[in-house]
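Here's model_2.cif, which has mmCIF, C-alpha atoms:
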data_entry
#
loop_
_atom_site.label_atom_id
_atom_site.label_comp_id
_atom_site.auth_asym_id
_atom_site.auth_seq_id
_atom_site.Cartn_x
_atom_site.Cartn_y
_atom_site.Cartn_z
CA MET X 515 29.01 -17.80 -18.62
CA SER X 516 26.81 -14.80 -19.27
CA ALA X 517 24.07 -14.93 -21.81
CA ILE X 518 24.60 -12.37 -24.56
CA LEU X 519 21.45 -10.32 -24.95
CA SER X 520 20.36 -8.34 -27.98
CA SER X 521 19.93 -4.62 -27.40
CA ALA X 522 16.14 -5.04 -27.47
CA SER X 523 16.37 -7.68 -24.74
CA VAL X 524 18.64 -5.48 -22.64
CA ALA X 525 16.08 -2.70 -23.02
CA HIS X 526 13.31 -5.06 -21.97
CA VAL X 527 15.17 -6.09 -18.81
CA GLU X 528 15.94 -2.47 -17.94
CA TYR X 529 12.30 -1.56 -18.42
CA VAL X 530 11.17 -4.23 -15.98
CA LEU X 531 13.90 -3.19 -13.54
CA SER X 532 12.74 0.40 -13.68
CA ILE X 533 9.31 -0.66 -12.43
CA ALA X 534 10.69 -3.17 -9.93
CA ASP X 535 13.21 -0.72 -8.48
CA SER X 536 10.59 2.00 -8.07
CA SER X 537 8.35 -0.39 -6.13
CA LEU X 538 11.20 -1.69 -3.99
CA ILE X 539 12.65 1.68 -3.05
CA LEU X 540 9.27 3.17 -2.15
CA GLY X 541 8.47 -0.04 -0.24
CA HIS X 542 11.70 0.41 1.70
CA ARG X 543 10.97 4.05 2.44
CA LEU X 544 7.48 3.21 3.71
CA SER X 545 8.88 0.42 5.86
CA GLU X 546 10.79 3.13 7.73
CA TRP X 547 7.42 4.27 9.08
CA CYS X 548 6.91 0.91 10.78
CA GLY X 549 6.55 1.64 14.48
CA HIS X 550 6.50 5.41 13.84
CA GLY X 551 3.07 5.94 12.25
CA PRO X 552 0.91 8.75 13.64
CA VAL X 553 -1.64 6.25 14.95
CA LEU X 554 -1.60 2.48 15.18
CA GLU X 555 -4.07 2.02 12.34
CA GLU X 556 -2.03 4.17 9.96
CA ASP X 557 1.16 2.48 11.00
CA ILE X 558 -0.31 -0.84 9.90
CA ALA X 559 -1.86 0.62 6.76
CA LEU X 560 1.48 2.00 5.59
CA THR X 561 3.25 -1.23 6.41
CA ASN X 562 0.67 -3.09 4.33
CA VAL X 563 1.40 -0.78 1.41
CA ALA X 564 5.13 -1.32 1.89
CA LEU X 565 4.69 -5.09 1.82
CA ASP X 566 2.56 -4.92 -1.33
CA LEU X 567 5.23 -2.82 -3.04
CA ILE X 568 8.03 -5.15 -2.03
CA GLY X 569 5.93 -8.08 -3.26
CA GLN X 570 5.56 -6.38 -6.64
CA ALA X 571 9.31 -5.83 -6.78
CA ARG X 572 10.00 -9.49 -6.00
CA SER X 573 7.80 -10.75 -8.85
CA LEU X 574 9.34 -8.25 -11.25
CA TYR X 575 12.93 -9.06 -10.26
CA THR X 576 12.32 -12.76 -10.72
CA HIS X 577 10.90 -11.98 -14.14
CA ALA X 578 13.83 -9.71 -15.02
CA GLY X 579 16.22 -12.47 -13.98
CA ALA X 580 14.44 -14.94 -16.25
CA LEU X 581 14.52 -12.48 -19.18
CA GLU X 582 18.18 -11.80 -18.62
CA GLY X 583 19.10 -15.47 -18.34
CA ASN X 584 22.22 -14.96 -16.24
CA GLY X 585 20.85 -16.59 -13.14
CA ARG X 586 20.36 -13.40 -11.13
CA ASP X 587 17.57 -13.76 -8.59
CA GLU X 588 15.48 -11.21 -6.72
CA ASP X 589 17.97 -10.90 -3.86
CA GLN X 590 20.86 -10.19 -6.17
CA PHE X 591 18.94 -7.45 -7.91
CA ALA X 592 17.85 -5.89 -4.62
CA PHE X 593 20.94 -6.30 -2.49
CA THR X 594 24.03 -6.44 -4.66
CA ARG X 595 23.61 -3.64 -7.16
CA SER X 596 25.12 -0.20 -6.61
CA ALA X 597 23.15 3.03 -6.79
CA ASP X 598 23.98 3.75 -10.44
CA GLU X 599 22.55 0.36 -11.43
CA PHE X 600 19.15 1.16 -9.92
CA ARG X 601 16.55 2.39 -12.39
CA ASN X 602 13.87 3.73 -10.03
CA VAL X 603 12.33 7.14 -10.57
CA SER X 604 13.94 9.63 -8.19
CA ILE X 605 10.83 10.61 -6.27
CA VAL X 606 10.71 7.28 -4.43
CA GLU X 607 14.21 7.59 -2.98
CA LEU X 608 13.59 10.95 -1.29
CA PRO X 609 13.41 10.82 2.50
CA ASN X 610 9.92 10.39 3.94
CA GLY X 611 9.76 13.87 5.44
CA ASP X 612 6.63 14.52 7.46
CA TYR X 613 3.38 12.65 7.02
CA ALA X 614 2.21 15.13 4.39
CA HIS X 615 5.28 14.41 2.24
CA THR X 616 4.77 10.67 2.65
CA ILE X 617 1.12 10.89 1.66
CA VAL X 618 1.65 13.25 -1.26
CA ARG X 619 4.40 11.06 -2.67
CA ASN X 620 2.23 7.94 -2.34
CA PHE X 621 -0.57 9.81 -4.01
CA LEU X 622 1.48 11.07 -6.97
CA PHE X 623 3.35 7.82 -7.47
CA THR X 624 0.50 5.34 -7.03
CA ALA X 625 -1.60 7.42 -9.45
CA PHE X 626 1.22 6.86 -11.93
CA GLN X 627 1.47 3.16 -11.11
CA ARG X 628 -2.26 2.78 -11.74
CA GLU X 629 -1.83 4.09 -15.27
CA LEU X 630 1.20 1.92 -15.79
CA TRP X 631 -0.46 -1.32 -14.65
CA THR X 632 -3.43 -0.56 -16.86
CA VAL X 633 -1.39 -0.42 -20.07
CA LEU X 634 0.92 -3.23 -19.00
CA GLN X 635 -2.03 -5.59 -18.71
CA ALA X 636 -2.06 -5.47 -22.52
CA SER X 637 1.70 -5.98 -22.84
CA ALA X 638 2.96 -8.59 -25.30
CA ASP X 639 5.11 -9.83 -22.40
CA ALA X 640 2.56 -12.22 -20.87
CA ARG X 641 4.28 -12.55 -17.50
CA LEU X 642 4.58 -8.79 -17.14
CA ALA X 643 0.87 -8.47 -17.98
CA GLU X 644 0.06 -11.02 -15.29
CA ILE X 645 2.09 -9.15 -12.65
CA ALA X 646 0.37 -5.93 -13.72
CA ARG X 647 -3.05 -7.51 -13.25
CA LYS X 648 -2.29 -8.62 -9.71
CA SER X 649 -0.53 -5.39 -8.77
CA SER X 650 -3.27 -3.14 -10.08
CA LYS X 651 -5.66 -4.34 -7.37
CA GLU X 652 -3.11 -3.47 -4.71
CA THR X 653 -2.31 -0.13 -6.26
CA ASN X 654 -5.98 0.83 -6.52
CA TYR X 655 -6.19 0.50 -2.75
CA HIS X 656 -2.93 2.41 -2.21
CA PHE X 657 -4.20 5.21 -4.40
CA GLN X 658 -7.49 5.30 -2.52
CA HIS X 659 -5.68 5.44 0.80
CA ALA X 660 -3.41 8.27 -0.35
CA SER X 661 -6.32 10.14 -1.94
CA ASP X 662 -8.39 9.96 1.25
CA TRP X 663 -5.56 11.35 3.31
CA SER X 664 -4.72 14.01 0.73
CA ILE X 665 -8.29 15.26 1.03
CA ARG X 666 -8.46 14.98 4.81
CA LEU X 667 -5.21 16.84 5.33
CA GLY X 668 -5.44 19.21 2.37
CA ASP X 669 -8.95 20.26 3.29
CA GLY X 670 -8.21 19.99 7.00
CA THR X 671 -6.79 22.53 9.40
CA GLU X 672 -4.72 25.52 8.43
CA GLN X 673 -1.60 23.70 9.49
CA SER X 674 -2.35 20.43 7.72
CA HIS X 675 -3.24 22.33 4.55
CA ALA X 676 0.01 24.31 4.66
CA ARG X 677 2.06 21.15 5.13
CA MET X 678 0.30 19.39 2.28
CA GLN X 679 0.82 22.35 -0.04
CA ASP X 680 4.52 22.42 0.93
CA ALA X 681 4.83 18.73 0.20
CA LEU X 682 3.12 19.14 -3.15
CA GLU X 683 5.45 22.02 -4.10
CA ALA X 684 8.47 19.95 -3.14
CA LEU X 685 7.44 16.73 -4.87
CA TRP X 686 5.60 17.90 -7.96
CA PRO X 687 8.80 18.69 -9.93
CA PHE X 688 9.83 15.04 -9.60
CA THR X 689 6.72 13.85 -11.44
CA GLY X 690 8.12 15.11 -14.76
CA GLU X 691 10.39 12.07 -14.74
CA PHE X 692 7.42 9.70 -14.92
CA PHE X 693 6.77 10.79 -18.48
CA SER X 694 10.15 11.96 -19.72
CA SER X 695 11.51 9.76 -22.42
CA PRO X 696 12.71 7.25 -22.41
CA ALA X 697 12.21 4.98 -19.44
CA SER X 698 15.30 2.91 -19.91
CA GLY X 699 14.88 1.06 -23.13
CA GLU X 700 11.16 1.42 -23.59
CA SER X 701 11.37 2.39 -27.25
CA ALA X 702 13.66 -0.48 -28.17
CA ALA X 703 11.48 -3.09 -26.49
CA GLY X 704 8.35 -2.23 -28.45
CA ALA X 705 4.94 -3.71 -27.73
CA LYS X 706 6.13 -5.43 -24.59
CA CYS X 707 7.02 -2.14 -22.94
CA PRO X 708 4.65 0.74 -23.67
CA ALA X 709 6.20 4.21 -23.46
CA TRP X 710 5.53 6.00 -20.18
CA SER X 711 5.04 9.31 -21.98
CA THR X 712 1.61 8.05 -23.10
CA LEU X 713 0.46 7.86 -19.46
CA GLU X 714 0.67 11.56 -18.70
CA ARG X 715 -2.86 12.52 -19.66
CA GLY X 716 -4.48 9.71 -17.66
CA TRP X 717 -2.31 10.53 -14.68
CA HIS X 718 -3.34 14.18 -14.75
CA GLU X 719 -6.96 13.18 -15.01
CA SER X 720 -6.79 11.06 -11.88
CA VAL X 721 -4.62 13.45 -9.86
CA ARG X 722 -6.33 16.76 -10.58
CA PRO X 723 -9.85 16.09 -9.22
CA VAL X 724 -8.47 14.80 -5.92
CA LEU X 725 -6.21 17.81 -5.49
CA ASP X 726 -9.16 20.06 -6.26
CA VAL X 727 -11.27 18.49 -3.53
CA ALA X 728 -8.26 18.68 -1.22
CA THR X 729 -8.10 22.43 -1.99
CA LEU X 730 -4.46 22.04 -3.01
CA ARG X 731 -2.98 24.16 -5.76
CA ILE X 732 -1.11 22.36 -8.53
CA PRO X 733 2.37 23.91 -8.80
CA GLU X 734 3.68 25.49 -11.98
CA ARG X 735 5.41 23.20 -14.41
CA SER X 736 9.16 23.47 -13.82
CA SER X 737 12.09 22.71 -16.06
CA PHE X 738 13.67 20.51 -13.37
CA LEU X 739 13.98 16.90 -14.48
CA SER X 740 15.21 14.14 -12.21
CA ARG X 741 16.88 11.18 -13.91
CA GLY X 742 16.76 8.26 -11.54
CA LYS X 743 15.56 5.87 -14.20
CA GLU X 744 18.81 6.48 -16.06
CA GLY X 745 20.73 5.55 -12.92
CA LEU X 746 21.48 9.12 -11.87
CA HIS X 747 20.50 9.25 -8.23
CA GLY X 748 20.78 11.81 -5.48
CA GLU X 749 22.70 11.56 -2.23
CA HIS X 750 19.74 10.00 -0.40
CA MET X 751 19.92 6.88 -2.54
CA ARG X 752 23.38 5.98 -1.22
CA ASP X 753 22.22 6.22 2.39
CA LEU X 754 19.10 4.22 1.64
CA LEU X 755 21.06 1.43 -0.05
CA ALA X 756 23.72 1.43 2.67
CA GLU X 757 21.02 0.55 5.16
CA MET X 758 18.94 -1.73 2.95
CA GLN X 759 21.92 -3.72 1.65
CA HIS X 760 24.02 -3.69 4.80
CA LEU X 761 23.49 -7.32 5.74
CA GLN X 762 24.18 -8.80 2.30
CA ARG X 763 27.16 -6.51 1.79
CA THR X 764 28.70 -7.43 5.12
CA TYR X 765 27.90 -11.15 5.00
CA PRO X 766 27.53 -12.07 1.32
CA ASN X 767 25.00 -14.84 0.67
CA CYS X 768 24.04 -15.06 4.32
CA LYS X 769 20.62 -16.52 5.05
CA TRP X 770 18.37 -15.72 7.97
CA MET N 1032 -3.02 18.51 27.18
CA ASP N 1033 -6.37 18.17 25.52
CA ARG N 1034 -6.06 15.33 23.03
CA LYS N 1035 -9.05 14.75 20.87
CA GLU N 1036 -8.98 11.03 20.18
CA TRP N 1037 -10.87 9.63 17.23
CA PRO N 1038 -13.95 7.70 18.29
CA LEU N 1039 -13.84 3.95 18.72
CA TRP N 1040 -15.47 1.55 16.26
CA GLU N 1041 -16.21 -2.12 16.82
CA VAL N 1042 -15.24 -4.36 13.94
CA PHE N 1043 -17.13 -7.41 12.69
CA ILE N 1044 -15.69 -9.67 10.03
CA ARG N 1045 -17.32 -12.38 7.98
CA SER N 1046 -14.66 -14.93 7.16
CA ARG N 1047 -16.50 -16.79 4.38
CA ASN N 1048 -19.70 -16.57 2.42
CA GLY N 1049 -22.56 -18.10 4.39
CA LEU N 1050 -21.03 -17.47 7.79
CA ASP N 1051 -22.02 -14.75 10.23
CA HIS N 1052 -20.05 -11.62 10.92
CA LYS N 1053 -18.09 -12.07 14.12
CA HIS N 1054 -16.77 -9.42 16.43
CA CYS N 1055 -12.98 -9.34 16.17
CA GLY N 1056 -11.81 -6.11 17.78
CA SER N 1057 -11.92 -2.37 17.45
CA VAL N 1058 -10.21 0.54 15.69
CA HIS N 1059 -10.09 4.29 16.10
CA ALA N 1060 -11.23 6.38 13.14
CA ALA N 1061 -12.61 9.83 12.39
CA ASP N 1062 -15.54 8.68 10.26
CA PRO N 1063 -17.23 5.57 8.79
CA SER N 1064 -15.13 5.28 5.65
CA MET N 1065 -11.88 5.63 7.58
CA ALA N 1066 -13.15 3.07 10.08
CA LEU N 1067 -13.81 0.55 7.30
CA LYS N 1068 -10.36 1.06 5.79
CA ASN N 1069 -8.63 0.87 9.15
CA ALA N 1070 -10.53 -2.31 9.96
CA ARG N 1071 -9.49 -3.76 6.61
CA ASP N 1072 -5.86 -2.87 7.23
CA VAL N 1073 -5.73 -4.05 10.81
CA PHE N 1074 -7.88 -7.18 10.72
CA THR N 1075 -7.85 -8.69 7.22
CA ARG N 1076 -4.14 -8.86 6.48
CA ARG N 1077 -4.09 -12.66 6.57
CA MET N 1078 -7.16 -13.33 4.45
CA GLU N 1079 -9.44 -13.36 7.47
CA GLY N 1080 -12.42 -11.85 5.73
CA VAL N 1081 -14.68 -11.29 2.76
CA SER N 1082 -16.85 -8.65 4.42
CA VAL N 1083 -16.37 -6.05 7.14
CA TRP N 1084 -18.88 -4.21 9.33
CA VAL N 1085 -17.97 -1.34 11.60
CA VAL N 1086 -20.24 0.12 14.27
CA ARG N 1087 -19.59 3.13 16.46
CA ALA N 1088 -18.85 1.65 19.87
CA ASP N 1089 -21.05 4.37 21.38
CA ASP N 1090 -24.00 3.08 19.38
CA ILE N 1091 -23.89 -0.36 20.91
CA ILE N 1092 -26.24 -0.74 23.84
CA ALA N 1093 -24.62 -3.18 26.20
CA SER N 1094 -25.91 -4.92 29.28
CA ASP N 1095 -24.55 -3.73 32.59
CA PRO N 1096 -21.87 -6.09 33.94
CA ASP N 1097 -23.11 -5.35 37.48
CA ALA N 1098 -26.58 -6.55 36.51
CA LYS N 1099 -25.40 -10.10 35.81
CA PRO N 1100 -27.18 -11.64 38.81
CA GLU N 1101 -30.66 -10.55 37.77
CA MET N 1102 -30.04 -10.74 34.03
CA PHE N 1103 -28.47 -14.14 33.62
CA ASP N 1104 -28.39 -16.18 36.80
CA PRO N 1105 -32.11 -17.02 36.79
CA ALA N 1106 -31.59 -19.11 33.63
CA GLU N 1107 -29.15 -21.36 35.43
CA ASP N 1108 -31.65 -23.82 36.93
CA LYS N 1109 -34.14 -23.88 34.02
CA ILE N 1110 -32.63 -26.93 32.42
CA TYR N 1111 -36.05 -27.86 31.01
CA ARG N 1112 -35.70 -25.00 28.54
CA HIS N 1113 -33.22 -27.09 26.57
CA PRO N 1114 -35.18 -29.21 24.11
CA THR N 1115 -33.47 -32.41 25.23
CA PHE N 1116 -36.36 -34.07 27.06
CA TYR N 1117 -38.32 -35.31 24.07
CA THR N 1118 -38.07 -38.80 22.74
CA LEU N 1119 -37.87 -38.59 18.98
CA PRO N 1120 -39.25 -41.30 16.69
CA ASP N 1121 -36.44 -43.10 14.88
CA GLU N 1122 -37.81 -42.01 11.48
CA VAL N 1123 -36.94 -38.39 12.28
CA GLY N 1124 -33.22 -39.18 12.24
CA HIS N 1125 -30.77 -36.46 13.17
CA MET N 1126 -32.23 -33.11 14.04
#

Please lay out the structure from this file as structure tokens.
Amino acid sequence: MSAILSSASVAHVEYVLSIADSSLILGHRLSEWCGHGPVLEEDIALTNVALDLIGQARSLYTHAGALEGNGRDEDQFAFTRSADEFRNVSIVELPNGDYAHTIVRNFLFTAFQRELWTVLQASADARLAEIARKSSKETNYHFQHASDWSIRLGDGTEQSHARMQDALEALWPFTGEFFSSPASGESAAGAKCPAWSTLERGWHESVRPVLDVATLRIPERSSFLSRGKEGLHGEHMRDLLAEMQHLQRTYPNCKW
Amino acid sequence: MDRKEWPLWEVFIRSRNGLDHKHCGSVHAADPSMALKNARDVFTRRMEGVSVWVVRADDIIASDPDAKPEMFDPAEDKIYRHPTFYTLPDEVGHM
């Protein structure tokens, strides 16, 4: 029998899923670089980031399952939901593109995650605060890694600069979603789930100086707004899930 | 094709406080900070270390492998250089 949740509790679960799904989907995208990195050291570095992200997702799914009380575990959240049930921000589901796109996305998203973990450490949801504390150490390193490469490539050769600027133009419009209201259910869940719109200023303050050093130009604000966290995903999400969930879909409950 | 490879760096890791840094391998990197991060990512994934040193491989002065006979062989028959020929008073205990 399913537990009946109040609307505030549903909002709370959705909020946690939004964070978990964003980590998982970016983790999956980065795992696609495994064996394809530009140099061995970067290949391993990106795989490390991917594993950290998937680890964050696992803790958050387990927590979401406990909040929900219907016995769903991390695997069920990751492998048995359809695209419209995923609450990740859209930027993480986009294909990796070239290395510039991969780095710029990591940079923009991990800068956001840093802000998020910071406020979540004060969440009234003690378990969520604990996960945020552990994850923030990982994310600080991810942000540093992405910042270093943004500067190296942005302020690098003519070609690397052009590719980085292209990537920034392509990905910047997706950052509006970080702060658009509401992340599913954030308002209803109150002090446990701080509103993402409050993170915008801090995010800008950490992103801007790095882009300046990287000699990259911040694109104009656009009216485009992606809506992945409401479950509205693009075509790439279906392909990503088809691959990620293939095994569980084909052989339900299989273990390996 | 002319491929400019990043220089090689030797990596030394200290596994715990109080222990020495030990050589554990090498990484390629464009500069010191990248070398440190690459070393961290390649060699400390399984909690191997609490401290990392990197040194440009070019900056290490190594003995010539062909010079082994004159460098090291002469020590072979100088067994008296090991401090194992002294009788120690019992009161000293383990040294």

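Atom CA of X:Tyr655 sits 15.6 Å away from atom CA of N:Val1083.
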
(-1.2, 10.7, -7.2) in this file's frame - what residues fall within 12 Å of it? Use all atoms listed in the file and give the answer as a PyMOL selection string.
chain X and resi 616-629+653-654+656-665+682+685-686+689+692+714+716-725+732

Any chance you could work out the residue set of the PyMOL selection byres ((chain N) within 12 of (chain X)) here, as a list in words?
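This file gives the following for the PyMOL selection byres ((chain N) within 12 of (chain X)): Glu1036, Trp1037, Leu1039, Ser1057, Val1058, His1059, Ala1060, Ala1061, Asp1062, Ser1064, Met1065, Ala1066, Leu1067, Lys1068, Asn1069, Ala1070, Arg1071, Asp1072, Val1073, Phe1074, Thr1075, Arg1076 and Arg1077 of chain N.
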
X:Gly690 environment, 9 Å, all atoms listed in the file, sequence neighbours closer than 6 positions dropped, as a PyMOL selection string
chain X and resi 735-740

Distance query stretch 594-604 of chain X at most 9 Å, only C-alpha atoms, self and fewer than 3 positions along chain excluded, as a PyMOL selection string:
chain X and resi 528-529+531-539+589-591+607-608+688-689+691-692+697-698+740-748+751-752+755+759+762-763+766

For the residues in that selection, give me C-alpha atoms as a short mmCIF file (atom, residue, chain, number, x, y, z; two decimals), in the coordinates of the input.
data_model
loop_
_atom_site.label_atom_id
_atom_site.label_comp_id
_atom_site.auth_asym_id
_atom_site.auth_seq_id
_atom_site.Cartn_x
_atom_site.Cartn_y
_atom_site.Cartn_z
CA GLU X 528 15.94 -2.47 -17.94
CA TYR X 529 12.30 -1.56 -18.42
CA LEU X 531 13.90 -3.19 -13.54
CA SER X 532 12.74 0.40 -13.68
CA ILE X 533 9.31 -0.66 -12.43
CA ALA X 534 10.69 -3.17 -9.93
CA ASP X 535 13.21 -0.72 -8.48
CA SER X 536 10.59 2.00 -8.07
CA SER X 537 8.35 -0.39 -6.13
CA LEU X 538 11.20 -1.69 -3.99
CA ILE X 539 12.65 1.68 -3.05
CA ASP X 589 17.97 -10.90 -3.86
CA GLN X 590 20.86 -10.19 -6.17
CA PHE X 591 18.94 -7.45 -7.91
CA GLU X 607 14.21 7.59 -2.98
CA LEU X 608 13.59 10.95 -1.29
CA PHE X 688 9.83 15.04 -9.60
CA THR X 689 6.72 13.85 -11.44
CA GLU X 691 10.39 12.07 -14.74
CA PHE X 692 7.42 9.70 -14.92
CA ALA X 697 12.21 4.98 -19.44
CA SER X 698 15.30 2.91 -19.91
CA SER X 740 15.21 14.14 -12.21
CA ARG X 741 16.88 11.18 -13.91
CA GLY X 742 16.76 8.26 -11.54
CA LYS X 743 15.56 5.87 -14.20
CA GLU X 744 18.81 6.48 -16.06
CA GLY X 745 20.73 5.55 -12.92
CA LEU X 746 21.48 9.12 -11.87
CA HIS X 747 20.50 9.25 -8.23
CA GLY X 748 20.78 11.81 -5.48
CA MET X 751 19.92 6.88 -2.54
CA ARG X 752 23.38 5.98 -1.22
CA LEU X 755 21.06 1.43 -0.05
CA GLN X 759 21.92 -3.72 1.65
CA GLN X 762 24.18 -8.80 2.30
CA ARG X 763 27.16 -6.51 1.79
CA PRO X 766 27.53 -12.07 1.32
#

Find the residue from X:Ala522, X:Ala681, X:Ala580, X:Leu565 that sits nearest to X:Glu652; use only C-alpha atoms when measuring.
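Between X:Ala522, X:Ala681, X:Ala580, X:Leu565, the residue approaching X:Glu652 most closely is X:Leu565.
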
Taking only C-alpha atoms into account, which of X:Ile568, X:His750, X:Thr729, X:Ser711 comes nearest X:Glu672?
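For X:Glu672, the nearest of the given residues is X:Thr729.
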
Suppose you want the space between atom CA of X:Gly704 and atom CA of X:Phe593; what is it in Å?
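These atoms are spaced 29.1 Å apart.
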
Using all atoms of stretch 729-742 of chain X listed in the file and a margin of 6 Å per side, can you give the axis-aligned box centre and edge lengths in Å to one decimal, as JSON?
{"center_x": 4.4, "center_y": 16.9, "center_z": -9.0, "size_x": 37.0, "size_y": 29.2, "size_z": 26.1}

Å distance separating atom CA of X:Asn584 from atom CA of X:Ser650, one decimal place:
28.8 Å

Any chance you could work out the residue set of the PyMOL selection byres ((chain N and resi 1081) around 8) here, as a short mmCIF file (atom, residue, chain, number, x, y, z; two decimals) with C-alpha atoms, keeping the file's coordinate frame?
data_model
loop_
_atom_site.label_atom_id
_atom_site.label_comp_id
_atom_site.auth_asym_id
_atom_site.auth_seq_id
_atom_site.Cartn_x
_atom_site.Cartn_y
_atom_site.Cartn_z
CA ILE N 1044 -15.69 -9.67 10.03
CA ARG N 1045 -17.32 -12.38 7.98
CA SER N 1046 -14.66 -14.93 7.16
CA ARG N 1047 -16.50 -16.79 4.38
CA ASN N 1048 -19.70 -16.57 2.42
CA MET N 1078 -7.16 -13.33 4.45
CA GLU N 1079 -9.44 -13.36 7.47
CA GLY N 1080 -12.42 -11.85 5.73
CA SER N 1082 -16.85 -8.65 4.42
CA VAL N 1083 -16.37 -6.05 7.14
#

May I have the residues within 7 Å of stretch 635-648 of chain X as a list in words, using only C-alpha atoms and disregarding those fewer than 4 positions away in the same chain?
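Selected residues are Trp631, Ala705, Lys706 and Cys707 of chain X.
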
Which residue, X:Glu546, X:Ala578, X:Leu540, X:Thr712, has the smallest gap to X:Val527 when you use all atoms listed in the file?
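The closest residue to X:Val527 is X:Ala578.
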
Between N:Gly1124, N:Gly1056, N:Pro1100, N:Pro1105, which one has atoms that come closest to N:Trp1084, using all atoms listed in the file?
N:Gly1056

My structure is short of atoms at stretch 762-767 of chain X; please model all heavy atoms there, returning them as a PDB file, in the frame of the given file.
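Printed below is out.pdb as written:
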ATOM      1  N   GLN X 762      23.621  -8.013   3.401  1.00  0.00           N
ATOM      2  CA  GLN X 762      24.180  -8.800   2.300  1.00  0.00           C
ATOM      3  C   GLN X 762      25.585  -8.322   1.914  1.00  0.00           C
ATOM      4  O   GLN X 762      26.417  -9.108   1.482  1.00  0.00           O
ATOM      5  CB  GLN X 762      23.262  -8.721   1.068  1.00  0.00           C
ATOM      6  CG  GLN X 762      22.100  -9.709   1.094  1.00  0.00           C
ATOM      7  CD  GLN X 762      22.553 -11.172   1.203  1.00  0.00           C
ATOM      8  OE1 GLN X 762      23.532 -11.594   0.601  1.00  0.00           O
ATOM      9  NE2 GLN X 762      21.819 -11.935   2.005  1.00  0.00           N
ATOM     10  N   ARG X 763      25.836  -7.031   2.107  1.00  0.00           N
ATOM     11  CA  ARG X 763      27.160  -6.510   1.790  1.00  0.00           C
ATOM     12  C   ARG X 763      28.189  -6.996   2.800  1.00  0.00           C
ATOM     13  O   ARG X 763      29.333  -7.269   2.471  1.00  0.00           O
ATOM     14  CB  ARG X 763      27.150  -4.976   1.790  1.00  0.00           C
ATOM     15  CG  ARG X 763      26.272  -4.350   0.718  1.00  0.00           C
ATOM     16  CD  ARG X 763      26.933  -4.418  -0.628  1.00  0.00           C
ATOM     17  NE  ARG X 763      26.258  -3.550  -1.593  1.00  0.00           N
ATOM     18  CZ  ARG X 763      26.484  -3.606  -2.897  1.00  0.00           C
ATOM     19  NH1 ARG X 763      27.343  -4.474  -3.389  1.00  0.00           N
ATOM     20  NH2 ARG X 763      25.847  -2.804  -3.722  1.00  0.00           N
ATOM     21  N   THR X 764      27.767  -7.069   4.065  1.00  0.00           N
ATOM     22  CA  THR X 764      28.700  -7.430   5.120  1.00  0.00           C
ATOM     23  C   THR X 764      28.917  -8.940   5.161  1.00  0.00           C
ATOM     24  O   THR X 764      30.014  -9.419   5.383  1.00  0.00           O
ATOM     25  CB  THR X 764      28.162  -6.951   6.484  1.00  0.00           C
ATOM     26  OG1 THR X 764      27.717  -5.607   6.344  1.00  0.00           O
ATOM     27  CG2 THR X 764      29.242  -7.001   7.545  1.00  0.00           C
ATOM     28  N   TYR X 765      27.820  -9.676   4.972  1.00  0.00           N
ATOM     29  CA  TYR X 765      27.900 -11.150   5.000  1.00  0.00           C
ATOM     30  C   TYR X 765      27.310 -11.691   3.706  1.00  0.00           C
ATOM     31  O   TYR X 765      26.163 -12.130   3.689  1.00  0.00           O
ATOM     32  CB  TYR X 765      27.129 -11.716   6.193  1.00  0.00           C
ATOM     33  CG  TYR X 765      27.530 -11.129   7.522  1.00  0.00           C
ATOM     34  CD1 TYR X 765      26.753 -10.142   8.133  1.00  0.00           C
ATOM     35  CD2 TYR X 765      28.693 -11.559   8.174  1.00  0.00           C
ATOM     36  CE1 TYR X 765      27.121  -9.589   9.348  1.00  0.00           C
ATOM     37  CE2 TYR X 765      29.067 -11.011   9.387  1.00  0.00           C
ATOM     38  CZ  TYR X 765      28.278 -10.026   9.963  1.00  0.00           C
ATOM     39  OH  TYR X 765      28.638  -9.479  11.166  1.00  0.00           O
ATOM     40  N   PRO X 766      28.089 -11.657   2.615  1.00  0.00           N
ATOM     41  CA  PRO X 766      27.530 -12.070   1.320  1.00  0.00           C
ATOM     42  C   PRO X 766      26.905 -13.456   1.391  1.00  0.00           C
ATOM     43  O   PRO X 766      27.467 -14.361   2.017  1.00  0.00           O
ATOM     44  CB  PRO X 766      28.758 -12.065   0.397  1.00  0.00           C
ATOM     45  CG  PRO X 766      29.695 -11.095   1.024  1.00  0.00           C
ATOM     46  CD  PRO X 766      29.494 -11.251   2.507  1.00  0.00           C
ATOM     47  N   ASN X 767      25.734 -13.572   0.763  1.00  0.00           N
ATOM     48  CA  ASN X 767      25.000 -14.840   0.670  1.00  0.00           C
ATOM     49  C   ASN X 767      24.487 -15.375   2.004  1.00  0.00           C
ATOM     50  O   ASN X 767      24.106 -16.538   2.094  1.00  0.00           O
ATOM     51  CB  ASN X 767      25.839 -15.924  -0.006  1.00  0.00           C
ATOM     52  CG  ASN X 767      26.262 -15.507  -1.394  1.00  0.00           C
ATOM     53  OD1 ASN X 767      25.468 -14.935  -2.146  1.00  0.00           O
ATOM     54  ND2 ASN X 767      27.516 -15.728  -1.733  1.00  0.00           N
TER      55      ASN X 767
END
